[in-house]
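Shown next: final.pdb, containing PDB, C-alpha atoms.
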ATOM      1  CA  MET Q 873      -2.070 -10.321  29.834
ATOM      2  CA  ALA Q 874       0.727 -12.926  29.838
ATOM      3  CA  LYS Q 875      -1.863 -15.558  28.895
ATOM      4  CA  ARG Q 876      -3.152 -13.354  26.078
ATOM      5  CA  HIS Q 877       0.409 -12.916  24.820
ATOM      6  CA  GLU Q 878       0.909 -16.707  24.789
ATOM      7  CA  GLU Q 879      -2.348 -17.176  22.890
ATOM      8  CA  TRP Q 880      -1.367 -14.448  20.451
ATOM      9  CA  MET Q 881       2.047 -16.097  19.921
ATOM     10  CA  ALA Q 882       0.310 -19.386  19.125
ATOM     11  CA  GLN Q 883      -2.157 -17.721  16.779
ATOM     12  CA  TYR Q 884       0.543 -16.031  14.705
ATOM     13  CA  GLY Q 885       3.295 -18.632  15.099
ATOM     14  CA  ARG Q 886       5.604 -16.205  16.864
ATOM     15  CA  VAL Q 887       8.740 -17.725  18.401
ATOM     16  CA  TYR Q 888      11.411 -15.761  20.280
ATOM     17  CA  GLY Q 889      15.111 -16.513  20.507
ATOM     18  CA  ASP Q 890      15.330 -16.384  24.294
ATOM     19  CA  GLU Q 891      13.505 -15.296  27.438
ATOM     20  CA  THR Q 892      15.052 -11.830  27.316
ATOM     21  CA  GLU Q 893      13.609 -11.207  23.864
ATOM     22  CA  LYS Q 894      10.267 -12.652  24.940
ATOM     23  CA  ALA Q 895      10.128 -10.339  27.980
ATOM     24  CA  LYS Q 896      10.908  -7.333  25.784
ATOM     25  CA  ARG Q 897       8.225  -8.299  23.272
ATOM     26  CA  PHE Q 898       5.701  -8.919  26.032
ATOM     27  CA  GLN Q 899       6.177  -5.362  27.307
ATOM     28  CA  ILE Q 900       5.621  -3.930  23.826
ATOM     29  CA  PHE Q 901       2.602  -6.216  23.313
ATOM     30  CA  LYS Q 902       1.111  -5.095  26.624
ATOM     31  CA  GLU Q 903       1.528  -1.392  25.799
ATOM     32  CA  ASN Q 904       0.071  -1.816  22.316
ATOM     33  CA  VAL Q 905      -2.956  -3.754  23.600
ATOM     34  CA  LYS Q 906      -3.608  -0.971  26.113
ATOM     35  CA  VAL Q 907      -3.605   1.638  23.324
ATOM     36  CA  ILE Q 908      -5.837  -0.499  21.074
ATOM     37  CA  GLU Q 909      -8.426  -1.286  23.740
ATOM     38  CA  SER Q 910      -8.503   2.263  25.051
ATOM     39  CA  PHE Q 911      -9.153   3.578  21.537
ATOM     40  CA  ASN Q 912     -11.936   1.077  20.843
ATOM     41  CA  GLN Q 913     -13.608   1.658  24.213
ATOM     42  CA  ALA Q 914     -13.826   5.384  23.472
ATOM     43  CA  GLY Q 915     -15.841   4.452  20.376
ATOM     44  CA  ASP Q 916     -15.795   7.989  19.022
ATOM     45  CA  GLN Q 917     -14.203   7.298  15.629
ATOM     46  CA  PRO Q 918     -15.611   5.661  12.471
ATOM     47  CA  TYR Q 919     -12.881   2.993  12.514
ATOM     48  CA  THR Q 920     -11.549   0.399  14.935
ATOM     49  CA  LEU Q 921      -8.143  -1.000  15.860
ATOM     50  CA  GLY Q 922      -7.243  -4.653  16.323
ATOM     51  CA  ILE Q 923      -4.596  -6.828  17.993
ATOM     52  CA  ASN Q 924      -3.010  -8.100  14.777
ATOM     53  CA  GLU Q 925       0.228  -9.897  13.920
ATOM     54  CA  PHE Q 926       2.220  -6.685  14.453
ATOM     55  CA  ALA Q 927       1.231  -6.314  18.124
ATOM     56  CA  ASP Q 928       4.710  -7.045  19.517
ATOM     57  CA  LEU Q 929       6.437  -4.381  17.395
ATOM     58  CA  THR Q 930       7.034  -0.747  18.230
ATOM     59  CA  ASN Q 931       5.820   1.611  15.556
ATOM     60  CA  ASP Q 932       9.405   2.468  14.590
ATOM     61  CA  GLU Q 933      10.213  -1.223  14.102
ATOM     62  CA  PHE Q 934       7.050  -1.721  12.099
ATOM     63  CA  ALA Q 935       7.644   1.299   9.862
ATOM     64  CA  SER Q 936      11.261   0.344   9.149
ATOM     65  CA  THR Q 937      10.196  -2.780   7.240
ATOM     66  CA  LYS Q 938       6.650  -2.077   6.108
ATOM     67  CA  ASN Q 939       7.230   1.240   4.404
ATOM     68  CA  GLY Q 940       9.704   2.048   1.643
ATOM     69  CA  TYR Q 941       8.450   4.815  -0.598
ATOM     70  CA  LYS Q 942      11.269   7.238  -1.462
ATOM     71  CA  ARG Q 943      10.184  10.814  -1.913
ATOM     72  CA  PRO Q 944      11.666  12.506  -4.979
ATOM     73  CA  VAL Q 945      14.489  14.962  -4.338
ATOM     74  CA  PHE Q 946      12.639  17.571  -6.360
ATOM     75  CA  PRO Q 947       8.844  17.533  -5.899
ATOM     76  CA  ARG Q 948       6.719  17.444  -9.002
ATOM     77  CA  PRO Q 949       5.331  20.800 -10.180
ATOM     78  CA  PRO Q 950       1.743  21.486  -9.049
ATOM     79  CA  GLY Q 951       0.233  20.638 -12.431
ATOM     80  CA  GLY Q 952       2.095  17.343 -12.772
ATOM     81  CA  SER Q 953       5.136  16.547 -14.897
ATOM     82  CA  THR Q 954       3.220  14.544 -17.516
ATOM     83  CA  PRO Q 955      -0.062  15.020 -19.421
ATOM     84  CA  PHE Q 956      -3.232  14.078 -17.534
ATOM     85  CA  ARG Q 957      -5.664  12.284 -19.811
ATOM     86  CA  TYR Q 958      -8.610  12.651 -17.420
ATOM     87  CA  GLU Q 959      -8.281  16.437 -17.138
ATOM     88  CA  ASN Q 960     -11.540  17.174 -18.942
ATOM     89  CA  VAL Q 961     -13.645  14.343 -17.536
ATOM     90  CA  THR Q 962     -16.806  15.920 -16.138
ATOM     91  CA  ALA Q 963     -18.981  12.975 -15.056
ATOM     92  CA  VAL Q 964     -17.826  10.088 -12.856
ATOM     93  CA  PRO Q 965     -19.818   7.380 -11.057
ATOM     94  CA  SER Q 966     -20.761   8.047  -7.433
ATOM     95  CA  ALA Q 967     -18.875   4.893  -6.443
ATOM     96  CA  VAL Q 968     -16.291   2.653  -8.110
ATOM     97  CA  ASP Q 969     -14.774  -0.656  -6.970
ATOM     98  CA  TRP Q 970     -12.305  -2.244  -9.378
ATOM     99  CA  ARG Q 971     -12.327  -5.432  -7.299
ATOM    100  CA  LYS Q 972     -15.935  -6.035  -8.338
ATOM    101  CA  LYS Q 973     -14.941  -5.487 -11.972
ATOM    102  CA  GLY Q 974     -12.293  -8.207 -11.799
ATOM    103  CA  ALA Q 975      -9.342  -5.853 -12.184
ATOM    104  CA  VAL Q 976      -7.621  -6.456  -8.825
ATOM    105  CA  THR Q 977      -5.587  -9.516  -7.815
ATOM    106  CA  SER Q 978      -5.681 -10.890  -4.287
ATOM    107  CA  VAL Q 979      -3.909  -8.984  -1.507
ATOM    108  CA  LYS Q 980      -0.182  -9.724  -1.297
ATOM    109  CA  ASN Q 981       2.322  -9.445   1.539
ATOM    110  CA  GLN Q 982       5.651  -7.626   1.239
ATOM    111  CA  GLY Q 983       6.886  -9.180   4.493
ATOM    112  CA  VAL Q 984       9.893  -7.406   6.024
ATOM    113  CA  CYS Q 985      11.143  -6.000   2.713
ATOM    114  CA  GLY Q 986      10.593  -2.252   2.201
ATOM    115  CA  CYS Q 987       9.362  -2.636  -1.369
ATOM    116  CA  CYS Q 988       5.815  -1.274  -1.041
ATOM    117  CA  TRP Q 989       6.604   0.795  -4.143
ATOM    118  CA  ALA Q 990       6.811  -2.397  -6.243
ATOM    119  CA  PHE Q 991       3.500  -3.753  -4.924
ATOM    120  CA  SER Q 992       1.790  -0.414  -5.551
ATOM    121  CA  ALA Q 993       3.035  -0.178  -9.135
ATOM    122  CA  VAL Q 994       2.283  -3.832  -9.924
ATOM    123  CA  ALA Q 995      -1.320  -3.532  -8.691
ATOM    124  CA  ALA Q 996      -1.875  -0.500 -10.937
ATOM    125  CA  VAL Q 997      -0.373  -2.350 -13.923
ATOM    126  CA  GLU Q 998      -2.402  -5.508 -13.264
ATOM    127  CA  GLY Q 999      -5.510  -3.326 -13.261
ATOM    128  CA  ILE Q1000      -4.945  -1.442 -16.507
ATOM    129  CA  VAL Q1001      -3.949  -4.613 -18.383
ATOM    130  CA  LYS Q1002      -7.279  -6.206 -17.424
ATOM    131  CA  ILE Q1003      -9.345  -3.057 -18.043
ATOM    132  CA  SER Q1004      -7.832  -2.542 -21.489
ATOM    133  CA  GLY Q1005      -8.926  -5.975 -22.692
ATOM    134  CA  GLY Q1006      -6.318  -8.339 -21.301
ATOM    135  CA  LYS Q1007      -6.517 -10.978 -18.596
ATOM    136  CA  LEU Q1008      -6.081 -10.402 -14.880
ATOM    137  CA  ILE Q1009      -2.616 -11.854 -14.263
ATOM    138  CA  SER Q1010      -0.652 -11.621 -11.024
ATOM    139  CA  LEU Q1011       2.669  -9.955 -11.887
ATOM    140  CA  SER Q1012       6.107 -10.139 -10.305
ATOM    141  CA  GLU Q1013       7.138  -7.649  -7.628
ATOM    142  CA  GLN Q1014      10.330  -9.658  -7.173
ATOM    143  CA  GLU Q1015      11.537  -8.789 -10.667
ATOM    144  CA  LEU Q1016      11.270  -5.108  -9.759
ATOM    145  CA  VAL Q1017      13.067  -5.690  -6.448
ATOM    146  CA  ASP Q1018      15.947  -7.602  -8.080
ATOM    147  CA  CYS Q1019      16.231  -6.014 -11.515
ATOM    148  CA  ASP Q1020      14.978  -2.408 -11.330
ATOM    149  CA  LYS Q1021      18.207  -0.806 -10.119
ATOM    150  CA  GLY Q1022      18.889   1.819 -12.769
ATOM    151  CA  GLY Q1023      16.960   4.761 -11.340
ATOM    152  CA  GLY Q1024      15.973   5.579  -7.787
ATOM    153  CA  ASP Q1025      14.658   2.119  -6.922
ATOM    154  CA  GLN Q1026      16.709   0.134  -4.428
ATOM    155  CA  GLY Q1027      14.854  -3.107  -3.820
ATOM    156  CA  CYS Q1028      13.979  -3.659  -0.150
ATOM    157  CA  HIS Q1029      15.529  -0.274   0.672
ATOM    158  CA  GLY Q1030      12.806   1.685  -1.066
ATOM    159  CA  GLY Q1031      11.802   3.115  -4.410
ATOM    160  CA  ARG Q1032       9.137   4.962  -6.359
ATOM    161  CA  MET Q1033       6.204   3.810  -8.433
ATOM    162  CA  ASP Q1034       7.039   6.082 -11.398
ATOM    163  CA  ASP Q1035      10.479   4.477 -11.648
ATOM    164  CA  ALA Q1036       8.860   1.037 -11.560
ATOM    165  CA  PHE Q1037       6.582   2.064 -14.443
ATOM    166  CA  LYS Q1038       9.638   3.211 -16.397
ATOM    167  CA  TYR Q1039      11.314  -0.153 -15.864
ATOM    168  CA  ILE Q1040       8.226  -2.040 -17.099
ATOM    169  CA  ILE Q1041       7.983   0.176 -20.186
ATOM    170  CA  ASN Q1042      11.692  -0.194 -20.980
ATOM    171  CA  HIS Q1043      11.752  -3.978 -20.476
ATOM    172  CA  ASN Q1044       8.768  -4.948 -22.594
ATOM    173  CA  GLY Q1045       6.549  -5.767 -19.635
ATOM    174  CA  LEU Q1046       7.064  -7.800 -16.488
ATOM    175  CA  SER Q1047       7.332 -11.451 -15.486
ATOM    176  CA  THR Q1048       4.309 -13.183 -14.016
ATOM    177  CA  GLU Q1049       4.226 -13.904 -10.285
ATOM    178  CA  SER Q1050       4.506 -17.635 -11.002
ATOM    179  CA  GLY Q1051       7.453 -17.093 -13.356
ATOM    180  CA  TYR Q1052       9.411 -14.945 -10.900
ATOM    181  CA  PRO Q1053       7.835 -15.528  -7.460
ATOM    182  CA  TYR Q1054       8.163 -13.191  -4.508
ATOM    183  CA  GLY Q1055      10.818 -14.113  -1.960
ATOM    184  CA  GLY Q1056      10.524 -11.259   0.524
ATOM    185  CA  GLN Q1057      14.131 -10.181   0.168
ATOM    186  CA  ASP Q1058      16.518  -8.491  -2.236
ATOM    187  CA  HIS Q1059      18.372 -11.338  -3.959
ATOM    188  CA  GLY Q1060      21.116  -8.989  -5.114
ATOM    189  CA  THR Q1061      21.077 -10.406  -8.626
ATOM    190  CA  CYS Q1062      18.518 -10.214 -11.409
ATOM    191  CA  ASN Q1063      17.375 -13.770 -12.147
ATOM    192  CA  LEU Q1064      15.485 -13.236 -15.381
ATOM    193  CA  LYS Q1065      15.477 -16.404 -17.444
ATOM    194  CA  ARG Q1066      16.354 -15.859 -21.072
ATOM    195  CA  GLY Q1067      13.186 -15.992 -23.123
ATOM    196  CA  SER Q1068      10.974 -15.932 -20.036
ATOM    197  CA  PHE Q1069       7.333 -15.077 -20.597
ATOM    198  CA  ARG Q1070       6.666 -11.326 -20.515
ATOM    199  CA  ALA Q1071       3.255 -10.120 -19.383
ATOM    200  CA  ALA Q1072       1.901  -6.559 -19.412
ATOM    201  CA  LYS Q1073       3.603  -5.801 -22.724
ATOM    202  CA  THR Q1074       0.818  -3.359 -23.559
ATOM    203  CA  VAL Q1075       1.970  -0.847 -20.923
ATOM    204  CA  ALA Q1076       3.402   1.993 -22.983
ATOM    205  CA  GLY Q1077       3.683   4.919 -20.574
ATOM    206  CA  TYR Q1078       2.558   6.473 -17.319
ATOM    207  CA  GLU Q1079       1.059   9.759 -16.219
ATOM    208  CA  ASP Q1080       1.071  11.720 -12.975
ATOM    209  CA  VAL Q1081      -2.130  12.945 -11.407
ATOM    210  CA  PRO Q1082      -1.975  16.716 -10.754
ATOM    211  CA  ARG Q1083      -0.690  17.240  -7.224
ATOM    212  CA  ASN Q1084      -2.878  18.130  -4.268
ATOM    213  CA  SER Q1085      -6.185  17.527  -5.998
ATOM    214  CA  GLU Q1086      -8.513  14.845  -4.710
ATOM    215  CA  ALA Q1087     -10.871  15.819  -7.535
ATOM    216  CA  ALA Q1088      -8.215  14.913 -10.114
ATOM    217  CA  LEU Q1089      -7.450  11.681  -8.269
ATOM    218  CA  LEU Q1090     -11.156  10.827  -8.318
ATOM    219  CA  ARG Q1091     -11.312  11.260 -12.089
ATOM    220  CA  ALA Q1092      -8.341   8.939 -12.517
ATOM    221  CA  VAL Q1093      -9.604   6.231 -10.127
ATOM    222  CA  ALA Q1094     -12.952   6.273 -11.942
ATOM    223  CA  HIS Q1095     -11.043   4.871 -14.927
ATOM    224  CA  GLN Q1096      -8.352   2.629 -13.401
ATOM    225  CA  PRO Q1097      -6.496   1.691 -10.182
ATOM    226  CA  VAL Q1098      -3.972   4.394  -9.269
ATOM    227  CA  SER Q1099      -0.661   4.210  -7.388
ATOM    228  CA  VAL Q1100      -0.412   6.671  -4.497
ATOM    229  CA  ALA Q1101       1.978   7.459  -1.655
ATOM    230  CA  ILE Q1102       0.803   8.096   1.905
ATOM    231  CA  ASP Q1103       2.196   8.922   5.315
ATOM    232  CA  ALA Q1104       1.763   5.571   7.066
ATOM    233  CA  ARG Q1105       3.452   6.422  10.361
ATOM    234  CA  GLY Q1106       1.696   5.861  13.674
ATOM    235  CA  LEU Q1107       0.102   3.073  15.699
ATOM    236  CA  GLN Q1108      -3.342   3.914  14.329
ATOM    237  CA  LEU Q1109      -2.572   2.538  10.872
ATOM    238  CA  GLN Q1110      -0.377  -0.276  12.204
ATOM    239  CA  PHE Q1111      -3.397  -1.642  14.101
ATOM    240  CA  TYR Q1112      -6.236  -0.476  11.830
ATOM    241  CA  SER Q1113      -8.843  -3.234  11.579
ATOM    242  CA  GLY Q1114     -11.855  -1.702   9.834
ATOM    243  CA  GLY Q1115     -14.022   1.319   9.111
ATOM    244  CA  VAL Q1116     -13.178   4.659   7.511
ATOM    245  CA  PHE Q1117      -9.760   5.821   8.692
ATOM    246  CA  THR Q1118      -9.902   9.478   9.732
ATOM    247  CA  ASN Q1119      -6.832   9.900  11.934
ATOM    248  CA  LYS Q1120      -5.023  13.164  11.174
ATOM    249  CA  CYS Q1121      -1.793  11.674   9.880
ATOM    250  CA  GLY Q1122       0.944  13.819   8.360
ATOM    251  CA  THR Q1123       2.245  14.306   4.832
ATOM    252  CA  GLU Q1124       5.727  12.774   5.186
ATOM    253  CA  LEU Q1125       5.108  10.292   2.370
ATOM    254  CA  ASN Q1126       6.718   6.943   3.124
ATOM    255  CA  HIS Q1127       4.455   4.141   1.882
ATOM    256  CA  GLY Q1128       3.222   3.141  -1.575
ATOM    257  CA  VAL Q1129      -0.300   1.706  -1.933
ATOM    258  CA  THR Q1130      -2.949   1.478  -4.674
ATOM    259  CA  VAL Q1131      -6.363   3.165  -4.777
ATOM    260  CA  VAL Q1132      -8.788   0.637  -6.300
ATOM    261  CA  GLY Q1133     -12.054   2.478  -5.730
ATOM    262  CA  TYR Q1134     -14.053   5.037  -3.810
ATOM    263  CA  GLY Q1135     -17.465   5.327  -2.235
ATOM    264  CA  ARG Q1136     -19.576   6.775   0.541
ATOM    265  CA  GLY Q1137     -20.520   5.190   3.866
ATOM    266  CA  GLN Q1138     -23.959   4.897   5.438
ATOM    267  CA  ASN Q1139     -23.315   8.074   7.377
ATOM    268  CA  GLY Q1140     -22.426   9.930   4.186
ATOM    269  CA  MET Q1141     -18.685   9.910   4.842
ATOM    270  CA  LYS Q1142     -16.731   9.721   1.595
ATOM    271  CA  TYR Q1143     -13.771   7.361   1.371
ATOM    272  CA  TRP Q1144     -11.067   5.870  -0.844
ATOM    273  CA  VAL Q1145     -10.723   2.077  -1.129
ATOM    274  CA  VAL Q1146      -7.006   1.299  -0.825
ATOM    275  CA  LYS Q1147      -5.182  -1.974  -1.492
ATOM    276  CA  ASN Q1148      -2.262  -2.482   0.885
ATOM    277  CA  SER Q1149       0.606  -5.006   0.857
ATOM    278  CA  TRP Q1150       0.670  -6.063   4.518
ATOM    279  CA  GLY Q1151      -1.193  -9.340   4.002
ATOM    280  CA  GLU Q1152      -4.867 -10.294   4.183
ATOM    281  CA  ARG Q1153      -4.943 -10.457   7.989
ATOM    282  CA  TRP Q1154      -4.371  -6.714   8.281
ATOM    283  CA  GLY Q1155      -7.251  -4.226   8.030
ATOM    284  CA  GLU Q1156     -10.314  -5.138   5.993
ATOM    285  CA  ASN Q1157      -8.892  -8.335   4.469
ATOM    286  CA  GLY Q1158      -5.782  -6.417   3.443
ATOM    287  CA  TYR Q1159      -7.596  -3.220   2.363
ATOM    288  CA  PHE Q1160      -8.427  -0.009   4.156
ATOM    289  CA  ARG Q1161     -10.831   2.819   3.616
ATOM    290  CA  LEU Q1162      -9.378   6.306   3.965
ATOM    291  CA  GLU Q1163     -11.492   9.430   4.409
ATOM    292  CA  ARG Q1164     -11.964  11.302   1.120
ATOM    293  CA  GLY Q1165     -12.817  14.963   0.545
ATOM    294  CA  VAL Q1166     -10.944  16.485   3.479
ATOM    295  CA  LYS Q1167     -10.183  20.189   3.739
ATOM    296  CA  ALA Q1168      -6.432  19.778   3.191
ATOM    297  CA  ALA Q1169      -5.500  19.926  -0.495
ATOM    298  CA  GLU Q1170      -3.004  17.097   0.011
ATOM    299  CA  GLY Q1171      -5.782  14.734   1.076
ATOM    300  CA  LEU Q1172      -5.693  12.657   4.260
ATOM    301  CA  CYS Q1173      -2.207  11.208   4.862
ATOM    302  CA  GLY Q1174      -1.043  13.030   1.703
ATOM    303  CA  ILE Q1175      -2.883  10.647  -0.629
ATOM    304  CA  ALA Q1176      -3.239  13.317  -3.345
ATOM    305  CA  MET Q1177       0.403  14.458  -3.286
ATOM    306  CA  ASP Q1178       2.094  11.906  -5.555
ATOM    307  CA  ALA Q1179      -0.359   9.761  -7.518
ATOM    308  CA  SER Q1180       0.334   8.163 -10.892
ATOM    309  CA  TYR Q1181      -0.937   5.416 -13.175
ATOM    310  CA  PRO Q1182       0.323   3.333 -16.121
ATOM    311  CA  THR Q1183      -1.093   3.795 -19.612
ATOM    312  CA  VAL Q1184      -1.510   1.459 -22.578
TER     313      VAL Q1184
END
Write the structure described by the file as structure tokens, please.
Amino acid sequence: MAKRHEEWMAQYGRVYGDETEKAKRFQIFKENVKVIESFNQAGDQPYTLGINEFADLTNDEFASTKNGYKRPVFPRPPGGSTPFRYENVTAVPSAVDWRKKGAVTSVKNQGVCGCCWAFSAVAAVEGIVKISGGKLISLSEQELVDCDKGGGDQGCHGGRMDDAFKYIINHNGLSTESGYPYGGQDHGTCNLKRGSFRAAKTVAGYEDVPRNSEAALLRAVAHQPVSVAIDARGLQLQFYSGGVFTNKCGTELNHGVTVVGYGRGQNGMKYWVVKNSWGERWGENGYFRLERGVKAAEGLCGIAMDASYPTV
């Protein structure tokens, strides 16, 4: 196991400050590997776990930097607090993948900054700009982290996708990724250059998907990528490596992600295609598939509890 830890350290470029820290991390690594291999050997679930770059972190350590969605103080009413333009849609395709339609940028990595909310909102905006006739342009999460401080958003300390949409609407769009690149930390000051190029100017509003309705979420995702919040606690998601995730997670929403499609597996299991912001080496090249059509109204991991999308 010590040899495997050394090989893992080399693979992911992990360096520790001293032998004490290394010994501590080795113990965590060893325990995590045991959980991962035991799960995979059982082979009784439609997904697998993997020894990824987070293998020397406890789940609490992992969650403290990788999550960052802030639940609203007052939950939205059941019907949603905004109009829902897809309310009367009756026919949707059996499967949708916005990646194949050129409406999804490559997977990004939030690093150790709890700004998943910004990545979720940006992915939804990038999608609708492309779908509505624009170009697919990678937009700046860092601008949201540094500049979106008026409402409930607090940079690396968490925020909400709806507040990010409000910022984009009120500031005539958003900088491009190249114009305001991601730094993985809250700079403390807003570094917008005067006269800097504004993309996504066409975003004029946002709407909430009616709560606790996977059917409503399906109608929305059939038309555009949608920002959602999930409960991302637990080792199972930390080490997810592929397949349809079915673990019975809770509904304590703490992580913002973006649904970019849906489909059905060979065994008939229905799933959501979700873009994450933990880098391309996590999951299925940075994505995961989450079971769709569960008995709970909230959806698996609460995916149907707080979904929203930008409008043009």
Determine, counting all atoms listed in the file, which protein, DNA and RNA residues have an atom within 8 Å of an atom of Ala990 of chain Q; residues of the same chain fewer than 3 positions away are not included. Present the result as a ChimeraX atom specification. /Q:987,993-994,1013,1016-1017,1031-1033,1036
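Across the model, the gap from atom CA of Leu1089 of chain Q to atom CA of Pro955 of chain Q is 13.8 Å.
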Using all atoms listed in the file, find all polymer residues with an atom at most 7 Å away from the point (-12.9, -4.8, -14.7); report them as a tab-separated table (two decimals) with C-alpha atoms, in the frame of the given file.
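For reference, result.tsv as written:
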chain	number	residue	atom	x	y	z
Q	970	TRP	CA	-12.30	-2.24	-9.38
Q	973	LYS	CA	-14.94	-5.49	-11.97
Q	974	GLY	CA	-12.29	-8.21	-11.80
Q	975	ALA	CA	-9.34	-5.85	-12.18
Q	1002	LYS	CA	-7.28	-6.21	-17.42
Q	1003	ILE	CA	-9.35	-3.06	-18.04
Once the PyMOL selection byres ((chain Q and resi 1162) around 7) has been evaluated on this model, what residues remain selected, and can you format them as a list in words? Val1116, Phe1117, Thr1118, Tyr1143, Trp1144, Val1145, Phe1160, Arg1161, Glu1163 and Arg1164 of chain Q
Run through the PyMOL selection byres ((chain Q and resi 1152-1156) around 7) on the given coordinates and return the selected residues as a ChimeraX atom specification. /Q:924,979,1112-1114,1150-1151,1157-1160
Residue IDs satisfying the PyMOL selection byres ((chain Q and resi 1172) around 9), as a ChimeraX atom specification: /Q:1102-1103,1118-1123,1162-1171,1173-1176
May I ask which of the residues Q:Ala1072, Q:Val968, Q:Ile900, Q:Val1100 is the closest one to Ile1040 of chain Q, counting only C-alpha atoms? Q:Ala1072
